[in-house]
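Participant: Before anything else, here's the structure in question.
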Amino acid sequence: MMSLTLLMIGVAYLVGSLSSAVVICRLFQLPDPRTTGSHNPGATNVYRIGGRIPALLVLIMDILKGTLPVYASYFMGIEPVWLGLIGIAACLGHIFPLYFGFIGGKAVATAFGAMLPIGLDLAGLLVLSWIVVVFFTGYSSLGALVAVSLAPFFTWLIKPLYTLPVAMLSLLIILRHRENIRRLVNRSEGKIWEKGNIKE
């Protein structure tokens with residue numbers, strides 16, 4: 001079982017390394033998201049660059065990068081804590097993509113995808129948390145931070161067995177948003193609907 005677990009960790013990293021934002025922008029002949037806008041290869045930046053359809057495709061692909069390895073591992077009977085590490089591997093692939101010079105995004109959607117197998121109720125709570133924060137503040141990063149911070153609590157209410165793996169994922173995403181937290185405190189963070197060369 002350990003060899004299978006290690007294999008799935010490797011698979012998750014390789015799947016996560018496929019940069020959805022770069023691939024979609026190339027298909028739609030849009031500027032490279034790593035050098036345009038906020039320079040972050042994620043759905044929010046692609047939305048600013050190319051609009052709703054490319055951004056939606058990026059979002060779906062990023063979610064699947066987390067969901068598929070974790071779901072497959074779950075059906076293989078891999079233990080919950082190891083499922084958390086597999087989810088983290090997918091996120092690390094997104095953050096440090098092997099195929100794109102190890103320059104990736106924040107992995108919010110991929111982390112969401114890794115949590116998705118826990119249940120649609122958890123997914124709904126996370127999406128609702130993000131929407132409420134973004135609606136009132138306009139900050140996508142703040143919405144992500146609030147949602148992932150609440151994720152372990154929501155998981156504890158729904159399926160306590162998976163609280164630790166979710167907490168591991170949440171911590172990774174919060175650490176990845178260190179610069180965003182500084183900009184939020186300094187009131188220099190870009191809002192989701194803003195265009196141009198802003199930080200994300």
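For the structure tokens, the naming scheme is as follows: chains receive sequential letters (A, B, ...) according to their order of presentation, residues are indexed from 1 within each chain, and ligands are indexed from 1 in presentation order.
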Hey, could you make a per-residue contact list for stretch 88-143 of chain A against stretch 174-193 of chain A with 6 Å as the cut-off, showing the nearest pair of atoms and its distance in Å to one decimal, counting only C-alpha atoms, sorted by chain and number, as a tab-separated table?
Facilitator:
```
residue	atom	partner	partner_atom	distance
A:Gly138	CA	A:Lys191	CA	5.1
A:Tyr139	CA	A:Lys191	CA	4.8
A:Ser140	CA	A:Ile192	CA	5.7
```
Participant: Which neighbours of stretch 95-103 of chain A fall inside 12 Å, counting only C-alpha atoms, when residues of the same chain fewer than 3 positions from it are skipped, and could you give them as a PDB file with N, CA and C atoms, in the first residue's frame?
Facilitator:
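Saved file part36.pdb follows:
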```
ATOM      1  N   GLY A  10       3.315  10.967  -6.564  1.00  0.00           N
ATOM      2  CA  GLY A  10       4.031  11.382  -7.770  1.00  0.00           C
ATOM      3  C   GLY A  10       3.096  11.723  -8.914  1.00  0.00           C
ATOM      4  N   ALA A  12       0.007  12.735  -8.645  1.00  0.00           N
ATOM      5  CA  ALA A  12      -0.690  13.976  -8.302  1.00  0.00           C
ATOM      6  C   ALA A  12       0.172  15.191  -8.630  1.00  0.00           C
ATOM      7  N   TYR A  13       1.463  15.104  -8.322  1.00  0.00           N
ATOM      8  CA  TYR A  13       2.360  16.232  -8.632  1.00  0.00           C
ATOM      9  C   TYR A  13       2.447  16.459 -10.140  1.00  0.00           C
ATOM     10  N   LEU A  14       2.557  15.389 -10.907  1.00  0.00           N
ATOM     11  CA  LEU A  14       2.663  15.510 -12.359  1.00  0.00           C
ATOM     12  C   LEU A  14       1.375  16.060 -12.970  1.00  0.00           C
ATOM     13  N   VAL A  15       0.236  15.602 -12.464  1.00  0.00           N
ATOM     14  CA  VAL A  15      -1.048  16.134 -12.933  1.00  0.00           C
ATOM     15  C   VAL A  15      -1.179  17.609 -12.561  1.00  0.00           C
ATOM     16  N   GLY A  16      -0.808  17.934 -11.329  1.00  0.00           N
ATOM     17  CA  GLY A  16      -0.879  19.325 -10.874  1.00  0.00           C
ATOM     18  C   GLY A  16       0.038  20.252 -11.652  1.00  0.00           C
ATOM     19  N   SER A  17       1.113  19.705 -12.222  1.00  0.00           N
ATOM     20  CA  SER A  17       2.094  20.516 -12.947  1.00  0.00           C
ATOM     21  C   SER A  17       1.586  21.026 -14.286  1.00  0.00           C
ATOM     22  N   LEU A  18       0.467  20.489 -14.755  1.00  0.00           N
ATOM     23  CA  LEU A  18      -0.093  20.967 -16.017  1.00  0.00           C
ATOM     24  C   LEU A  18      -0.768  22.315 -15.766  1.00  0.00           C
ATOM     25  N   SER A  19      -0.138  23.386 -16.204  1.00  0.00           N
ATOM     26  CA  SER A  19      -0.647  24.736 -15.945  1.00  0.00           C
ATOM     27  C   SER A  19      -1.842  25.048 -16.836  1.00  0.00           C
ATOM     28  N   SER A  20      -3.008  24.982 -16.271  1.00  0.00           N
ATOM     29  CA  SER A  20      -4.236  25.191 -17.031  1.00  0.00           C
ATOM     30  C   SER A  20      -4.284  26.590 -17.635  1.00  0.00           C
ATOM     31  N   ALA A  21      -3.851  27.581 -16.870  1.00  0.00           N
ATOM     32  CA  ALA A  21      -3.912  28.967 -17.345  1.00  0.00           C
ATOM     33  C   ALA A  21      -3.046  29.166 -18.579  1.00  0.00           C
ATOM     34  N   VAL A  22      -1.843  28.611 -18.567  1.00  0.00           N
ATOM     35  CA  VAL A  22      -0.945  28.759 -19.711  1.00  0.00           C
ATOM     36  C   VAL A  22      -1.510  28.038 -20.928  1.00  0.00           C
ATOM     37  N   VAL A  23      -1.995  26.815 -20.717  1.00  0.00           N
ATOM     38  CA  VAL A  23      -2.544  26.022 -21.824  1.00  0.00           C
ATOM     39  C   VAL A  23      -3.760  26.708 -22.442  1.00  0.00           C
ATOM     40  N   ASP A  32       0.524  35.468 -22.276  1.00  0.00           N
ATOM     41  CA  ASP A  32       0.958  34.538 -21.241  1.00  0.00           C
ATOM     42  C   ASP A  32       0.571  35.102 -19.871  1.00  0.00           C
ATOM     43  N   PRO A  33      -0.229  34.389 -19.076  1.00  0.00           N
ATOM     44  CA  PRO A  33      -0.673  34.922 -17.778  1.00  0.00           C
ATOM     45  C   PRO A  33       0.469  35.086 -16.777  1.00  0.00           C
ATOM     46  N   ARG A  34       1.611  34.459 -17.070  1.00  0.00           N
ATOM     47  CA  ARG A  34       2.757  34.599 -16.178  1.00  0.00           C
ATOM     48  C   ARG A  34       3.490  35.921 -16.372  1.00  0.00           C
ATOM     49  N   THR A  35       3.197  36.612 -17.476  1.00  0.00           N
ATOM     50  CA  THR A  35       3.867  37.879 -17.770  1.00  0.00           C
ATOM     51  C   THR A  35       2.876  39.010 -18.015  1.00  0.00           C
ATOM     52  N   HIS A  39       0.459  38.528 -13.259  1.00  0.00           N
ATOM     53  CA  HIS A  39       1.539  37.540 -13.461  1.00  0.00           C
ATOM     54  C   HIS A  39       1.262  36.230 -12.739  1.00  0.00           C
ATOM     55  N   ASN A  40       0.040  36.035 -12.295  1.00  0.00           N
ATOM     56  CA  ASN A  40      -0.328  34.794 -11.616  1.00  0.00           C
ATOM     57  C   ASN A  40      -1.119  33.903 -12.578  1.00  0.00           C
ATOM     58  N   PRO A  41      -0.614  32.691 -12.875  1.00  0.00           N
ATOM     59  CA  PRO A  41      -1.327  31.806 -13.798  1.00  0.00           C
ATOM     60  C   PRO A  41      -2.504  31.104 -13.128  1.00  0.00           C
ATOM     61  N   GLY A  42      -3.557  31.863 -12.938  1.00  0.00           N
ATOM     62  CA  GLY A  42      -4.767  31.327 -12.310  1.00  0.00           C
ATOM     63  C   GLY A  42      -6.002  31.875 -12.984  1.00  0.00           C
ATOM     64  N   ASP A  62      -8.262  23.349 -13.263  1.00  0.00           N
ATOM     65  CA  ASP A  62      -7.524  23.416 -12.001  1.00  0.00           C
ATOM     66  C   ASP A  62      -8.206  22.592 -10.911  1.00  0.00           C
ATOM     67  N   ILE A  88      -1.923  17.701  -1.408  1.00  0.00           N
ATOM     68  CA  ILE A  88      -0.841  18.680  -1.308  1.00  0.00           C
ATOM     69  C   ILE A  88       0.110  18.540  -2.493  1.00  0.00           C
ATOM     70  N   ALA A  89       0.399  17.296  -2.897  1.00  0.00           N
ATOM     71  CA  ALA A  89       1.278  17.069  -4.053  1.00  0.00           C
ATOM     72  C   ALA A  89       0.691  17.685  -5.311  1.00  0.00           C
ATOM     73  N   ALA A  90      -0.626  17.552  -5.498  1.00  0.00           N
ATOM     74  CA  ALA A  90      -1.274  18.171  -6.658  1.00  0.00           C
ATOM     75  C   ALA A  90      -1.141  19.687  -6.599  1.00  0.00           C
ATOM     76  N   CYS A  91      -1.322  20.248  -5.393  1.00  0.00           N
ATOM     77  CA  CYS A  91      -1.193  21.699  -5.224  1.00  0.00           C
ATOM     78  C   CYS A  91       0.245  22.159  -5.461  1.00  0.00           C
ATOM     79  N   LEU A  92       1.207  21.387  -4.978  1.00  0.00           N
ATOM     80  CA  LEU A  92       2.617  21.735  -5.196  1.00  0.00           C
ATOM     81  C   LEU A  92       2.959  21.680  -6.678  1.00  0.00           C
ATOM     82  N   LYS A 106      -1.449  30.010  -7.265  1.00  0.00           N
ATOM     83  CA  LYS A 106      -1.707  29.934  -5.827  1.00  0.00           C
ATOM     84  C   LYS A 106      -2.359  28.623  -5.400  1.00  0.00           C
ATOM     85  N   ALA A 107      -2.893  27.860  -6.352  1.00  0.00           N
ATOM     86  CA  ALA A 107      -3.441  26.507  -6.102  1.00  0.00           C
ATOM     87  C   ALA A 107      -4.745  26.501  -5.318  1.00  0.00           C
ATOM     88  N   VAL A 108      -5.467  27.601  -5.310  1.00  0.00           N
ATOM     89  CA  VAL A 108      -6.738  27.634  -4.581  1.00  0.00           C
ATOM     90  C   VAL A 108      -7.745  26.660  -5.199  1.00  0.00           C
ATOM     91  N   ALA A 109      -7.919  26.745  -6.528  1.00  0.00           N
ATOM     92  CA  ALA A 109      -8.887  25.870  -7.190  1.00  0.00           C
ATOM     93  C   ALA A 109      -8.466  24.405  -7.101  1.00  0.00           C
ATOM     94  N   THR A 110      -7.164  24.141  -7.181  1.00  0.00           N
ATOM     95  CA  THR A 110      -6.680  22.762  -7.077  1.00  0.00           C
ATOM     96  C   THR A 110      -6.911  22.213  -5.669  1.00  0.00           C
ATOM     97  N   ALA A 111      -6.697  23.047  -4.659  1.00  0.00           N
ATOM     98  CA  ALA A 111      -6.980  22.623  -3.280  1.00  0.00           C
ATOM     99  C   ALA A 111      -8.474  22.367  -3.101  1.00  0.00           C
ATOM    100  N   LEU A 172      -1.228  25.112   3.564  1.00  0.00           N
ATOM    101  CA  LEU A 172      -0.420  25.343   2.368  1.00  0.00           C
ATOM    102  C   LEU A 172      -0.927  26.552   1.588  1.00  0.00           C
ATOM    103  N   ILE A 173      -2.242  26.640   1.419  1.00  0.00           N
ATOM    104  CA  ILE A 173      -2.807  27.752   0.648  1.00  0.00           C
ATOM    105  C   ILE A 173      -2.605  29.081   1.369  1.00  0.00           C
ATOM    106  N   LEU A 175      -0.153  29.833   3.442  1.00  0.00           N
ATOM    107  CA  LEU A 175       1.264  30.178   3.298  1.00  0.00           C
ATOM    108  C   LEU A 175       1.556  30.722   1.899  1.00  0.00           C
ATOM    109  N   ARG A 176       0.887  30.168   0.903  1.00  0.00           N
ATOM    110  CA  ARG A 176       1.084  30.624  -0.473  1.00  0.00           C
ATOM    111  C   ARG A 176       0.568  32.047  -0.671  1.00  0.00           C
ATOM    112  N   HIS A 177      -0.324  32.503   0.197  1.00  0.00           N
ATOM    113  CA  HIS A 177      -0.916  33.836   0.081  1.00  0.00           C
ATOM    114  C   HIS A 177      -0.251  34.862   1.002  1.00  0.00           C
TER     115      HIS A 177
END
```
Participant: Atom CA of A:Leu27 and atom CA of A:Thr67, how far apart in Å?
Facilitator: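 A separation of 23.2 Å between them.
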Participant: Could you give me the residues within stretch 10-189 of chain A that DSSP places in alpha helix (DSSP H), as a PyMOL selection string?
Facilitator: chain A and resi 10-16+20-27+43-50+52-75+80-95+108-115+120-137+140-158+163-176+178-186
Participant: So, counting only C-alpha atoms, which residue among A:Ile118, A:Leu30, A:Leu142, A:Phe112 is closest to A:Trp156?
Facilitator: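 Nearest to A:Trp156: A:Ile118.
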Participant: Could you check which of A:Gly105, A:Pro160, A:Gly50, A:Gly143 is closest to A:Ser129, using only C-alpha atoms?
Facilitator: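 Closest to A:Ser129, using only C-alpha atoms: A:Gly143.
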